[in-house]
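Enquirer: Provided below: data06.csv, containing CSV, C-alpha atoms.
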```
chain,number,residue,atom,x,y,z
R,1,LEU,CA,-11.6,-19.2,-0.1
R,2,LEU,CA,-11.3,-15.6,-1.1
R,3,ALA,CA,-14.7,-14.7,0.4
R,4,ASP,CA,-13.5,-16.2,3.7
R,5,VAL,CA,-10.2,-14.2,3.5
R,6,SER,CA,-12.3,-11.1,3.0
R,7,ARG,CA,-14.5,-12.0,6.0
R,8,ARG,CA,-11.4,-12.5,8.2
R,9,GLN,CA,-10.1,-9.1,7.1
R,10,ALA,CA,-13.5,-7.5,8.0
R,11,GLN,CA,-13.2,-9.1,11.5
R,12,CYS,CA,-9.7,-7.7,11.8
R,13,VAL,CA,-10.8,-4.2,10.9
R,14,LEU,CA,-13.6,-4.5,13.5
R,15,VAL,CA,-11.0,-5.5,16.2
R,16,ASP,CA,-8.8,-2.5,15.5
R,17,PRO,CA,-8.8,-0.4,12.3
R,18,TYR,CA,-5.4,1.1,13.3
R,19,ALA,CA,-3.6,-2.3,13.4
R,20,ASN,CA,-1.5,-3.6,10.5
R,21,ALA,CA,-1.0,-7.2,11.6
R,22,PHE,CA,-3.1,-9.7,13.6
R,23,ASN,CA,-2.6,-12.9,15.5
R,24,PRO,CA,-4.5,-16.1,14.3
R,25,GLY,CA,-6.4,-15.9,17.6
R,26,PRO,CA,-6.4,-13.8,20.8
R,27,THR,CA,-3.0,-15.0,21.8
R,28,GLY,CA,-1.5,-11.6,22.9
R,29,LYS,CA,1.6,-12.2,20.9
R,30,GLY,CA,3.5,-9.5,19.0
R,31,TRP,CA,4.4,-5.9,19.8
R,32,THR,CA,2.1,-5.7,22.8
R,33,SER,CA,3.9,-2.9,24.7
R,34,ASP,CA,3.5,-0.3,22.0
R,35,PHE,CA,0.0,0.7,23.1
R,36,PRO,CA,-1.8,0.3,26.4
R,37,LEU,CA,-4.8,-2.1,26.5
R,38,GLN,CA,-3.9,-3.4,23.0
R,39,SER,CA,-6.3,-6.2,21.8
R,40,PRO,CA,-4.8,-9.7,22.2
R,41,TRP,CA,-5.8,-10.2,18.6
R,42,VAL,CA,-3.3,-7.5,17.4
R,43,TRP,CA,0.2,-8.4,16.5
R,44,GLU,CA,1.3,-4.9,15.6
R,45,ARG,CA,-0.5,-1.5,15.6
R,46,LYS,CA,1.4,0.5,13.0
R,47,TYR,CA,-1.3,2.6,11.3
R,48,GLU,CA,-1.1,2.2,7.6
R,49,LEU,CA,-3.8,3.7,5.3
R,50,ASP,CA,-3.1,0.9,2.8
R,51,SER,CA,-4.3,-1.7,5.4
R,52,LEU,CA,-7.8,-0.3,5.2
R,53,THR,CA,-7.7,0.2,1.4
R,54,ALA,CA,-6.5,-3.3,0.9
R,55,PHE,CA,-9.5,-4.7,2.9
R,56,LEU,CA,-11.9,-2.7,0.7
R,57,ASP,CA,-10.1,-3.5,-2.5
R,58,LEU,CA,-10.2,-7.3,-2.1
R,59,ALA,CA,-13.9,-7.3,-1.1
R,60,LEU,CA,-15.0,-5.0,-3.9
R,61,ARG,CA,-12.8,-6.5,-6.6
R,62,LEU,CA,-14.0,-10.0,-5.7
R,63,HIS,CA,-17.6,-8.9,-6.1
R,64,ALA,CA,-16.9,-7.0,-9.3
R,65,VAL,CA,-15.2,-9.9,-11.0
R,66,THR,CA,-17.3,-12.8,-9.8
R,67,GLU,CA,-20.6,-11.2,-8.5
R,68,CYS,CA,-20.0,-13.0,-5.2
R,69,THR,CA,-21.8,-11.4,-2.3
R,70,ALA,CA,-21.2,-14.0,0.4
R,71,HIS,CA,-18.6,-11.8,2.1
R,72,LEU,CA,-20.6,-8.6,1.8
R,73,ASP,CA,-22.6,-9.2,4.9
R,74,ASP,CA,-23.4,-7.2,8.0
R,75,ALA,CA,-19.9,-7.5,9.3
R,76,PHE,CA,-18.5,-6.1,6.0
R,77,GLY,CA,-20.9,-3.2,6.3
R,78,ARG,CA,-19.8,-2.4,9.8
R,79,ALA,CA,-16.1,-2.8,8.9
R,80,ALA,CA,-16.5,-0.6,5.8
R,81,ALA,CA,-18.1,2.0,7.9
R,82,SER,CA,-15.2,1.8,10.4
R,83,ALA,CA,-12.6,2.1,7.6
R,84,VAL,CA,-14.4,5.1,6.1
R,85,SER,CA,-14.6,6.8,9.5
R,86,VAL,CA,-10.9,6.4,10.2
R,87,ILE,CA,-9.8,7.5,6.7
R,88,ASP,CA,-12.1,10.6,7.1
R,89,TYR,CA,-10.9,11.3,10.6
R,90,GLU,CA,-7.3,11.1,9.6
R,91,ARG,CA,-7.7,13.9,7.1
R,92,ARG,CA,-7.4,16.2,10.1
R,93,HIS,CA,-4.8,14.2,12.0
R,94,ASP,CA,-4.5,14.9,15.7
R,95,ARG,CA,-0.8,14.6,16.6
R,96,ARG,CA,-1.7,14.3,20.3
R,97,GLY,CA,-3.6,11.0,19.6
R,98,TYR,CA,-1.7,8.2,17.8
R,99,ARG,CA,1.9,7.8,18.9
R,100,LEU,CA,4.4,5.0,18.2
R,101,SER,CA,8.0,5.0,19.4
R,102,ARG,CA,10.3,2.0,19.8
R,103,PRO,CA,13.5,3.4,21.4
R,104,HIS,CA,15.5,0.2,20.9
R,105,GLY,CA,14.5,-0.6,17.4
R,106,PRO,CA,15.6,0.7,13.9
R,107,ALA,CA,14.6,4.3,13.2
R,108,HIS,CA,12.0,3.3,10.6
R,109,ASP,CA,10.1,1.4,13.3
R,110,SER,CA,9.2,4.6,15.1
R,111,LEU,CA,7.5,7.8,14.0
R,112,SER,CA,9.7,10.8,14.0
R,113,HIS,CA,9.2,13.8,16.4
R,114,ASP,CA,9.1,11.6,19.5
R,115,GLY,CA,6.7,9.1,18.0
R,116,HIS,CA,4.1,11.6,16.8
R,117,GLY,CA,5.3,11.9,13.2
R,118,ALA,CA,6.2,15.1,11.3
R,119,PRO,CA,3.8,18.0,11.6
R,120,VAL,CA,1.3,18.2,8.8
R,121,GLY,CA,-1.0,20.8,7.3
R,122,TYR,CA,-4.5,20.1,6.1
R,123,THR,CA,-4.6,19.1,2.5
R,124,GLY,CA,-7.7,16.9,2.1
R,125,MET,CA,-5.6,13.8,1.9
R,126,SER,CA,-5.7,11.2,4.7
R,127,TRP,CA,-2.7,10.8,7.1
R,128,SER,CA,-0.8,7.5,7.3
R,129,GLY,CA,1.8,6.8,10.0
R,130,PHE,CA,3.5,4.0,8.1
R,131,ARG,CA,4.1,2.8,4.5
R,132,PRO,CA,3.0,-0.6,3.2
R,133,SER,CA,6.5,-1.7,3.9
R,134,ASP,CA,5.8,-1.1,7.6
R,135,ASP,CA,8.4,1.7,7.6
R,136,ALA,CA,7.5,5.1,9.1
R,137,CYS,CA,6.5,7.8,6.7
R,138,THR,CA,8.8,10.7,6.4
R,139,TYR,CA,5.8,13.0,5.7
R,140,GLY,CA,2.3,12.1,6.7
R,141,TYR,CA,0.5,12.1,3.4
R,142,LEU,CA,1.5,9.0,1.5
R,143,VAL,CA,0.5,9.8,-2.0
R,144,PRO,CA,0.0,6.4,-3.6
R,145,ALA,CA,-2.0,5.2,-0.6
R,146,ASN,CA,-4.3,8.2,-1.0
R,147,ALA,CA,-4.7,7.6,-4.7
R,148,HIS,CA,-5.7,4.0,-4.0
R,149,ALA,CA,-8.1,5.2,-1.3
R,150,ALA,CA,-9.8,7.5,-3.8
R,151,VAL,CA,-10.3,4.5,-6.1
R,152,VAL,CA,-11.7,2.0,-3.6
R,153,LEU,CA,-13.9,4.6,-1.9
R,154,ARG,CA,-15.4,5.4,-5.3
R,155,ARG,CA,-16.1,1.7,-5.8
R,156,LEU,CA,-17.6,1.4,-2.4
R,157,ALA,CA,-20.0,4.3,-3.1
R,158,ALA,CA,-21.1,2.6,-6.4
R,159,LEU,CA,-22.2,-0.7,-4.7
R,160,ASP,CA,-25.8,-1.5,-5.5
R,161,ASP,CA,-28.3,-0.8,-2.7
R,162,ALA,CA,-29.2,-4.5,-2.7
R,163,VAL,CA,-25.6,-5.4,-1.8
R,164,LEU,CA,-25.0,-2.5,0.6
R,165,PRO,CA,-28.2,-0.8,1.7
R,166,ASP,CA,-26.4,1.8,3.9
R,167,THR,CA,-26.7,4.8,1.7
R,168,THR,CA,-25.2,7.1,4.4
R,169,ILE,CA,-21.8,5.3,4.3
R,170,LYS,CA,-21.9,5.2,0.5
R,171,ASP,CA,-22.5,8.9,0.3
R,172,ARG,CA,-19.7,9.6,2.8
R,173,ALA,CA,-17.4,7.3,0.7
R,174,ALA,CA,-18.2,9.2,-2.5
R,175,SER,CA,-17.6,12.6,-0.9
R,176,LEU,CA,-14.4,11.4,0.7
R,177,SER,CA,-13.1,9.9,-2.6
R,178,ALA,CA,-13.7,13.1,-4.4
R,179,GLY,CA,-12.0,15.2,-1.7
R,180,ILE,CA,-8.9,12.9,-1.6
R,181,GLU,CA,-8.6,12.8,-5.4
R,182,ALA,CA,-8.7,16.6,-5.6
R,183,ALA,CA,-6.1,16.9,-2.8
R,184,VAL,CA,-3.7,14.5,-4.5
R,185,ARG,CA,-4.0,16.6,-7.7
R,186,ALA,CA,-3.5,19.9,-5.7
R,187,PHE,CA,-0.7,19.0,-3.3
R,188,ALA,CA,1.2,16.0,-4.7
R,189,VAL,CA,1.9,17.2,-8.3
R,190,THR,CA,5.1,19.1,-8.6
R,191,GLY,CA,6.7,20.9,-11.5
R,192,THR,CA,5.1,22.6,-14.5
R,193,ASP,CA,2.5,21.1,-16.8
R,194,THR,CA,5.1,19.6,-19.2
R,195,ASP,CA,7.5,18.2,-16.6
R,196,SER,CA,5.2,17.6,-13.6
R,197,VAL,CA,5.5,14.4,-11.5
R,198,LEU,CA,3.9,13.0,-8.4
R,199,ALA,CA,5.7,13.1,-5.1
R,200,TYR,CA,5.8,10.0,-2.9
R,201,GLU,CA,5.0,11.8,0.3
R,202,VAL,CA,4.0,15.4,1.2
R,203,ASP,CA,3.2,17.2,4.5
R,204,GLY,CA,0.9,20.0,3.3
R,205,ARG,CA,3.5,22.5,4.6
R,206,GLY,CA,5.7,22.6,1.5
R,207,SER,CA,7.9,19.6,2.1
R,208,ARG,CA,7.9,16.7,-0.4
R,209,LEU,CA,9.7,13.4,-0.7
R,210,HIS,CA,10.4,12.3,-4.3
R,211,GLY,CA,11.0,8.6,-5.0
R,212,ASP,CA,9.1,5.3,-4.7
R,213,ASP,CA,9.2,2.2,-2.5
R,214,ALA,CA,8.7,-1.2,-4.0
R,215,ASN,CA,5.7,-2.1,-1.8
R,216,ILE,CA,2.2,-1.6,-3.0
R,217,PRO,CA,0.5,0.9,-3.1
R,218,SER,CA,3.3,2.6,-4.9
R,219,LEU,CA,3.5,5.3,-7.5
R,220,LEU,CA,4.6,2.6,-10.0
R,221,SER,CA,1.5,0.6,-9.3
R,222,LEU,CA,-1.1,3.4,-9.9
R,223,PRO,CA,-2.5,2.0,-13.2
R,224,TYR,CA,-2.6,-1.5,-11.6
R,225,LEU,CA,-4.7,0.0,-8.7
R,226,GLY,CA,-7.0,1.7,-11.2
R,227,TRP,CA,-6.1,5.3,-10.5
R,228,CYS,CA,-5.0,6.1,-14.0
R,229,SER,CA,-4.1,4.7,-17.4
R,230,PRO,CA,-0.6,3.4,-18.1
R,231,ALA,CA,-0.5,6.0,-20.9
R,232,ASP,CA,-1.4,8.9,-18.6
R,233,PRO,CA,1.2,11.6,-19.2
R,234,LEU,CA,1.6,12.5,-15.5
R,235,TYR,CA,2.0,8.8,-14.7
R,236,ARG,CA,4.5,8.3,-17.5
R,237,ARG,CA,6.7,11.1,-16.3
R,238,THR,CA,6.5,9.9,-12.7
R,239,ARG,CA,7.3,6.4,-13.8
R,240,ALA,CA,10.4,7.6,-15.7
R,241,SER,CA,11.6,9.4,-12.5
R,242,VAL,CA,11.0,6.5,-10.1
R,243,MET,CA,12.7,4.0,-12.5
R,244,SER,CA,15.9,6.1,-12.4
R,245,PRO,CA,18.6,7.2,-10.0
R,246,ALA,CA,16.3,10.1,-9.1
R,247,ASN,CA,14.6,7.6,-6.9
R,248,PRO,CA,16.7,6.9,-3.7
R,249,TRP,CA,15.4,3.3,-3.7
R,250,PHE,CA,16.2,2.6,-7.4
R,251,VAL,CA,18.9,0.0,-7.8
R,252,ARG,CA,20.9,-0.9,-11.0
R,253,GLY,CA,23.1,-4.0,-10.9
R,254,ARG,CA,24.7,-6.7,-13.0
R,255,ALA,CA,21.9,-9.2,-12.5
R,256,ALA,CA,18.9,-6.9,-12.3
R,257,SER,CA,17.6,-3.3,-12.0
R,258,GLY,CA,14.5,-2.0,-10.3
R,259,ILE,CA,13.1,-0.5,-7.1
R,260,GLY,CA,14.0,-1.6,-3.6
R,261,SER,CA,13.0,-0.4,-0.2
R,262,LEU,CA,14.2,1.1,3.0
R,263,HIS,CA,12.9,-2.1,4.6
R,264,THR,CA,15.6,-4.3,3.0
R,265,ARG,CA,19.3,-4.2,2.5
R,266,PRO,CA,21.0,-1.5,0.4
R,267,GLY,CA,21.7,-2.6,-3.1
R,268,HIS,CA,18.7,-5.0,-3.1
R,269,VAL,CA,15.9,-4.9,-5.7
R,270,SER,CA,12.4,-6.2,-5.1
R,271,PRO,CA,10.9,-8.9,-7.4
R,272,MET,CA,7.5,-7.4,-6.6
R,273,ALA,CA,8.6,-4.1,-8.2
R,274,ILE,CA,10.1,-5.9,-11.3
R,275,ALA,CA,6.7,-7.6,-11.8
R,276,MET,CA,4.8,-4.4,-11.2
R,277,ALA,CA,6.9,-2.5,-13.7
R,278,ALA,CA,5.9,-5.0,-16.3
R,279,LEU,CA,2.3,-5.1,-15.3
R,280,THR,CA,2.0,-1.4,-15.8
R,281,ALA,CA,4.2,-1.2,-18.9
R,282,THR,CA,3.1,-0.2,-22.4
R,283,GLU,CA,6.2,-1.5,-24.2
R,284,PRO,CA,5.8,-4.8,-26.2
R,285,GLY,CA,7.6,-7.7,-24.6
R,286,ALA,CA,7.8,-6.2,-21.1
R,287,VAL,CA,6.0,-9.0,-19.5
R,288,GLU,CA,8.1,-11.8,-21.0
R,289,GLU,CA,11.3,-9.9,-20.3
R,290,ALA,CA,10.3,-9.5,-16.6
R,291,LEU,CA,9.4,-13.2,-16.3
R,292,LEU,CA,12.8,-14.2,-17.6
R,293,ALA,CA,14.5,-11.7,-15.2
R,294,LEU,CA,12.5,-13.1,-12.2
R,295,GLU,CA,13.0,-16.7,-13.0
R,296,GLY,CA,16.7,-16.1,-13.5
R,297,THR,CA,17.2,-14.5,-10.1
R,298,ASP,CA,15.4,-16.8,-7.7
R,299,ALA,CA,18.7,-18.4,-6.5
R,300,GLY,CA,17.3,-21.8,-7.6
R,301,THR,CA,14.6,-21.8,-4.9
R,302,GLY,CA,11.6,-21.7,-7.2
R,303,ARG,CA,10.2,-18.9,-5.1
R,304,MET,CA,10.1,-15.1,-5.2
R,305,HIS,CA,11.9,-13.3,-2.4
R,306,GLU,CA,11.3,-10.1,-0.6
R,307,SER,CA,14.5,-8.7,-2.2
R,308,PHE,CA,17.8,-9.8,-3.7
R,309,ASP,CA,21.2,-8.3,-4.3
R,310,ALA,CA,21.1,-6.7,-7.8
R,311,ASN,CA,24.7,-8.0,-8.3
R,312,ASP,CA,24.4,-11.4,-6.7
R,313,PRO,CA,20.8,-12.9,-6.6
R,314,ASP,CA,22.1,-15.7,-4.3
R,315,ARG,CA,22.0,-13.1,-1.6
R,316,PHE,CA,18.4,-12.4,-0.7
R,317,THR,CA,15.9,-11.6,2.1
R,318,ARG,CA,13.1,-14.0,3.1
R,319,SER,CA,13.2,-17.5,1.5
R,320,TRP,CA,9.6,-17.0,0.6
R,321,PHE,CA,7.4,-14.0,0.3
R,322,SER,CA,3.8,-14.6,-0.8
R,323,TRP,CA,3.2,-11.0,-1.8
R,324,ALA,CA,6.0,-11.3,-4.4
R,325,ASP,CA,4.9,-14.8,-5.4
R,326,MET,CA,1.5,-13.5,-6.3
R,327,THR,CA,2.8,-10.6,-8.4
R,328,TYR,CA,4.8,-13.2,-10.3
R,329,VAL,CA,1.7,-15.3,-10.7
R,330,HIS,CA,-0.2,-12.3,-12.0
R,331,LEU,CA,2.6,-11.7,-14.5
R,332,VAL,CA,2.3,-15.3,-15.7
R,333,LEU,CA,-1.5,-14.9,-16.1
R,334,ARG,CA,-1.0,-11.7,-18.0
R,335,SER,CA,1.5,-13.4,-20.3
R,336,VAL,CA,-1.1,-16.0,-21.4
R,337,GLY,CA,-3.9,-13.5,-21.8
R,338,LEU,CA,-5.8,-14.5,-18.6
R,339,SER,CA,-5.4,-11.2,-16.7
R,340,GLY,CA,-6.4,-7.7,-17.6
R,341,PRO,CA,-4.7,-4.5,-16.3
R,342,ALA,CA,-6.4,-4.6,-12.9
R,343,ASP,CA,-8.1,-8.0,-12.6
```
Let me see the file written as structure tokens.
Expert:
Amino acid sequence: LLADVSRRQAQCVLVDPYANAFNPGPTGKGWTSDFPLQSPWVWERKYELDSLTAFLDLALRLHAVTECTAHLDDAFGRAAASAVSVIDYERRHDRRGYRLSRPHGPAHDSLSHDGHGAPVGYTGMSWSGFRPSDDACTYGYLVPANAHAAVVLRRLAALDDAVLPDTTIKDRAASLSAGIEAAVRAFAVTGTDTDSVLAYEVDGRGSRLHGDDANIPSLLSLPYLGWCSPADPLYRRTRASVMSPANPWFVRGRAASGIGSLHTRPGHVSPMAIAMAALTATEPGAVEEALLALEGTDAGTGRMHESFDANDPDRFTRSWFSWADMTYVHLVLRSVGLSGPAD
């Protein structure tokens, strides 16, 4: 099943590596007026760096954990090459190229500056138009997505030649990973050595956005994604900041506290972020505490929601949200010793 999911993702990347959502067939449904000559397979073409890193992550993690190679076929090789090419190309983003503007939608559905996004300077990181929440980036270099890209590109480069014979794409992935990693360290870390934290977004021109969105990749999820240890001092300081009112999407309520998102209603917290906070915690009892919090705020539905009101969990968005369901499942597996830090 997972190999087939990975195969489908490879086919989607081959249809359009800039798309973030696809139809089950060439139905032509979705946001078809955003771009001319959009493929009928594409539901929406919001370019998100995390869409490409998620494709690589699932394929490589499945192989690493199970040694399965059924999905690492010729189509995977071509899709991986396409993903690497786009990630590399977007290190020098051309603002005259990609444009998305929806005049009659919410502001976060369109890129700023007439649909081109904020101007960026070269950093070595890769540009992303939108966040994993599908909301437009304020600044073009989304730091957690770039950190995740550095991880998965390094894993791609390490694939055995018998699995991926194309050494050219692996060499390119290795170089790209190192360049992005160095750029994150150089441009996204703010403050002095003893109080430095990671910004959420930067533009390479001196502007930074501090905070964290609940959707993954997030700064909170960096150890889960394999970028650092949960005990890493830079991560610990960043974590303390994003789990506080210093984060514009942090919510504290009578029923729960945690990180929300621009994508949902004000005052709402994300079950996904509550689970992720526990999955990346070093404190004893954090997993069990989070499980109790999540099970006590499901409004009696037996499902995790996209978000819920931190003061009234009976008010929530989406009656089911599989992404949040799976972070809860991972938390359960962790609680009984069946899941490691990044399994």
Enquirer: Which distance in Å separates atom CA of R:Arg78 and atom CA of R:Val13, to one decimal?
Expert: 9.2 Å
Enquirer: Residues within 10 Å of R:Arg185, please, as a ChimeraX atom specification. Count all atoms listed in the file; anything in the same chain fewer than 6 positions from it doesn't count.
Expert: /R:143,147,198
Enquirer: I'd like the interatomic distance between atom CA of R:Val42 and atom CA of R:Phe22, to a tenth of an Å.
Expert: 4.4 Å
Enquirer: Find the distance between atom CA of R:Asp298 and atom CA of R:Met326 and write it in Å to one decimal.
Expert: 14.4 Å
Enquirer: Can you build me a table of stretch 188-263 of chain R residues sitting at most 7 Å from stretch 121-137 of chain R, with the closest atom pair per residue and its distance in Å to one decimal, using all atoms listed in the file, sorted by chain and residue number, as a tab-separated table?
Expert:
```
residue	atom	partner	partner_atom	distance
R:Asp203	CA	R:Gly121	CA	6.2
R:Gly204	CA	R:Gly121	CA	4.5
R:Arg205	CA	R:Gly121	CA	5.5
R:Asn215	CA	R:Ser133	CA	5.8
R:Ile216	CA	R:Pro132	CA	6.3
R:Pro217	CA	R:Pro132	CA	6.9
R:His263	CA	R:Ser133	CA	6.5
```
Enquirer: Looking at all atoms listed in the file, which of R:Leu333, R:Leu62, R:Glu44, R:Ala183 is the one that sits closest to R:Leu1?
Expert: R:Leu62
Enquirer: Listing only residues of stretch 145-208 of chain R within 12 Å of stretch 246-253 of chain R, what is the closest atom pair and its distance in Å (to one decimal) for each, using all atoms listed in the file, sorted by chain and residue number ascending, as JSON lines?
Expert:
```
{"residue": "R:Val197", "atom": "CA", "partner": "R:Ala246", "partner_atom": "CA", "distance": 11.9}
{"residue": "R:Ala199", "atom": "CA", "partner": "R:Asn247", "partner_atom": "CA", "distance": 10.6}
{"residue": "R:Tyr200", "atom": "CA", "partner": "R:Asn247", "partner_atom": "CA", "distance": 10.0}
```
Enquirer: For the selection you just gave me, I'd like the residues written to a file as an mmCIF file, in the coordinates of the input, keeping C-alpha atoms.
Expert:
```cif
data_model
loop_
_atom_site.group_PDB
_atom_site.id
_atom_site.type_symbol
_atom_site.label_atom_id
_atom_site.label_comp_id
_atom_site.auth_asym_id
_atom_site.auth_seq_id
_atom_site.Cartn_x
_atom_site.Cartn_y
_atom_site.Cartn_z
ATOM 1 C CA VAL R 197 5.500 14.400 -11.500
ATOM 2 C CA ALA R 199 5.700 13.100 -5.100
ATOM 3 C CA TYR R 200 5.800 10.000 -2.900
#
```
Enquirer: Could I get the residues of stretch 19-81 of chain R with an atom no further than 12 Å from an atom of stretch 219-232 of chain R, each paired with its nearest atom pair and that distance in Å to one decimal, using all atoms listed in the file, sorted by chain and residue number, as CSV?
Expert:
```
residue,atom,partner,partner_atom,distance
R:Asp50,CA,R:Leu225,CA,11.6
R:Thr53,CA,R:Leu225,CA,10.5
R:Ala54,CA,R:Leu225,CA,10.3
R:Asp57,CA,R:Leu225,CA,8.9
R:Leu58,CA,R:Leu225,CA,11.3
R:Arg61,CA,R:Leu225,CA,10.6
```
Enquirer: Save out the residues we just selected, C-alpha atoms, as a PDB file, in the coordinates of the input.
Expert:
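Resulting contents of result33.pdb:
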```pdb
ATOM      1  CA  ASP R  50      -3.100   0.900   2.800  1.00  0.00           C
ATOM      2  CA  THR R  53      -7.700   0.200   1.400  1.00  0.00           C
ATOM      3  CA  ALA R  54      -6.500  -3.300   0.900  1.00  0.00           C
ATOM      4  CA  ASP R  57     -10.100  -3.500  -2.500  1.00  0.00           C
ATOM      5  CA  LEU R  58     -10.200  -7.300  -2.100  1.00  0.00           C
ATOM      6  CA  ARG R  61     -12.800  -6.500  -6.600  1.00  0.00           C
TER       7      ARG R  61
END
```
Enquirer: Using all atoms listed in the file, find all polymer residues with an atom at most 10 Å away from the point (-14.1, 7.1, 9.0); report them as a PyMOL selection string.
Expert: chain R and resi 17+80-91+169+172-173+176
Enquirer: Could you check the closest approach to R:Asp312 for each of R:Ala256, R:Ile274, R:Leu338, R:Ala21 and tell me which residue wins, using all atoms listed in the file?
Expert: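 Closest to R:Asp312 of all the choices is R:Ala256.
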Enquirer: So, with only C-alpha atoms as the atoms that count, which of R:His63, R:Arg237, R:His330, R:Arg254 lies closest to R:Ala278?
Expert: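 Once distances to R:Ala278 are computed over only C-alpha atoms, the minimum belongs to R:His330.
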Enquirer: Need the shell around R:Ser39: protein/DNA/RNA residues with any atom at most 8 Å away, counting all atoms listed in the file. Skip same-chain ones fewer than 3 positions apart. Format as a list in words?
Expert: Val15, Asp16, Pro26, Gly28 and Val42 of chain R
Enquirer: As a tab-separated table (two decimals), keeping the file's coordinate frame, please: stretch 288-300 of chain R completed to N, CA, C and O atoms.
Expert:
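Output file part01.tsv follows:
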```tsv
chain	number	residue	atom	x	y	z
R	288	GLU	N	7.19	-10.63	-20.79
R	288	GLU	CA	8.10	-11.80	-21.00
R	288	GLU	C	9.49	-11.49	-20.50
R	288	GLU	O	10.14	-12.35	-19.91
R	289	GLU	N	9.95	-10.27	-20.73
R	289	GLU	CA	11.30	-9.90	-20.30
R	289	GLU	C	11.36	-9.95	-18.73
R	289	GLU	O	12.34	-10.44	-18.15
R	290	ALA	N	10.31	-9.49	-18.07
R	290	ALA	CA	10.30	-9.50	-16.60
R	290	ALA	C	10.23	-10.94	-16.08
R	290	ALA	O	10.87	-11.28	-15.07
R	291	LEU	N	9.45	-11.80	-16.74
R	291	LEU	CA	9.40	-13.20	-16.30
R	291	LEU	C	10.75	-13.86	-16.38
R	291	LEU	O	11.16	-14.59	-15.46
R	292	LEU	N	11.48	-13.61	-17.44
R	292	LEU	CA	12.80	-14.20	-17.60
R	292	LEU	C	13.75	-13.64	-16.48
R	292	LEU	O	14.55	-14.38	-15.90
R	293	ALA	N	13.62	-12.34	-16.20
R	293	ALA	CA	14.50	-11.70	-15.20
R	293	ALA	C	14.16	-12.34	-13.79
R	293	ALA	O	15.07	-12.66	-13.02
R	294	LEU	N	12.89	-12.53	-13.48
R	294	LEU	CA	12.50	-13.10	-12.20
R	294	LEU	C	12.89	-14.54	-12.05
R	294	LEU	O	13.38	-14.98	-11.00
R	295	GLU	N	12.68	-15.30	-13.11
R	295	GLU	CA	13.00	-16.70	-13.00
R	295	GLU	C	14.50	-16.96	-13.02
R	295	GLU	O	14.97	-18.00	-12.53
R	296	GLY	N	15.26	-15.97	-13.49
R	296	GLY	CA	16.70	-16.10	-13.50
R	296	GLY	C	17.38	-15.58	-12.23
R	296	GLY	O	18.61	-15.64	-12.12
R	297	THR	N	16.60	-15.05	-11.30
R	297	THR	CA	17.20	-14.50	-10.10
R	297	THR	C	16.56	-15.01	-8.82
R	297	THR	O	16.57	-14.34	-7.77
R	298	ASP	N	16.02	-16.23	-8.89
R	298	ASP	CA	15.40	-16.80	-7.70
R	298	ASP	C	16.33	-17.66	-6.88
R	298	ASP	O	15.90	-18.33	-5.93
R	299	ALA	N	17.62	-17.63	-7.21
R	299	ALA	CA	18.70	-18.40	-6.50
R	299	ALA	C	18.34	-19.88	-6.45
R	299	ALA	O	18.72	-20.58	-5.50
R	300	GLY	N	17.64	-20.36	-7.46
R	300	GLY	CA	17.30	-21.80	-7.60
R	300	GLY	C	16.29	-22.28	-6.59
R	300	GLY	O	16.09	-23.49	-6.45
```
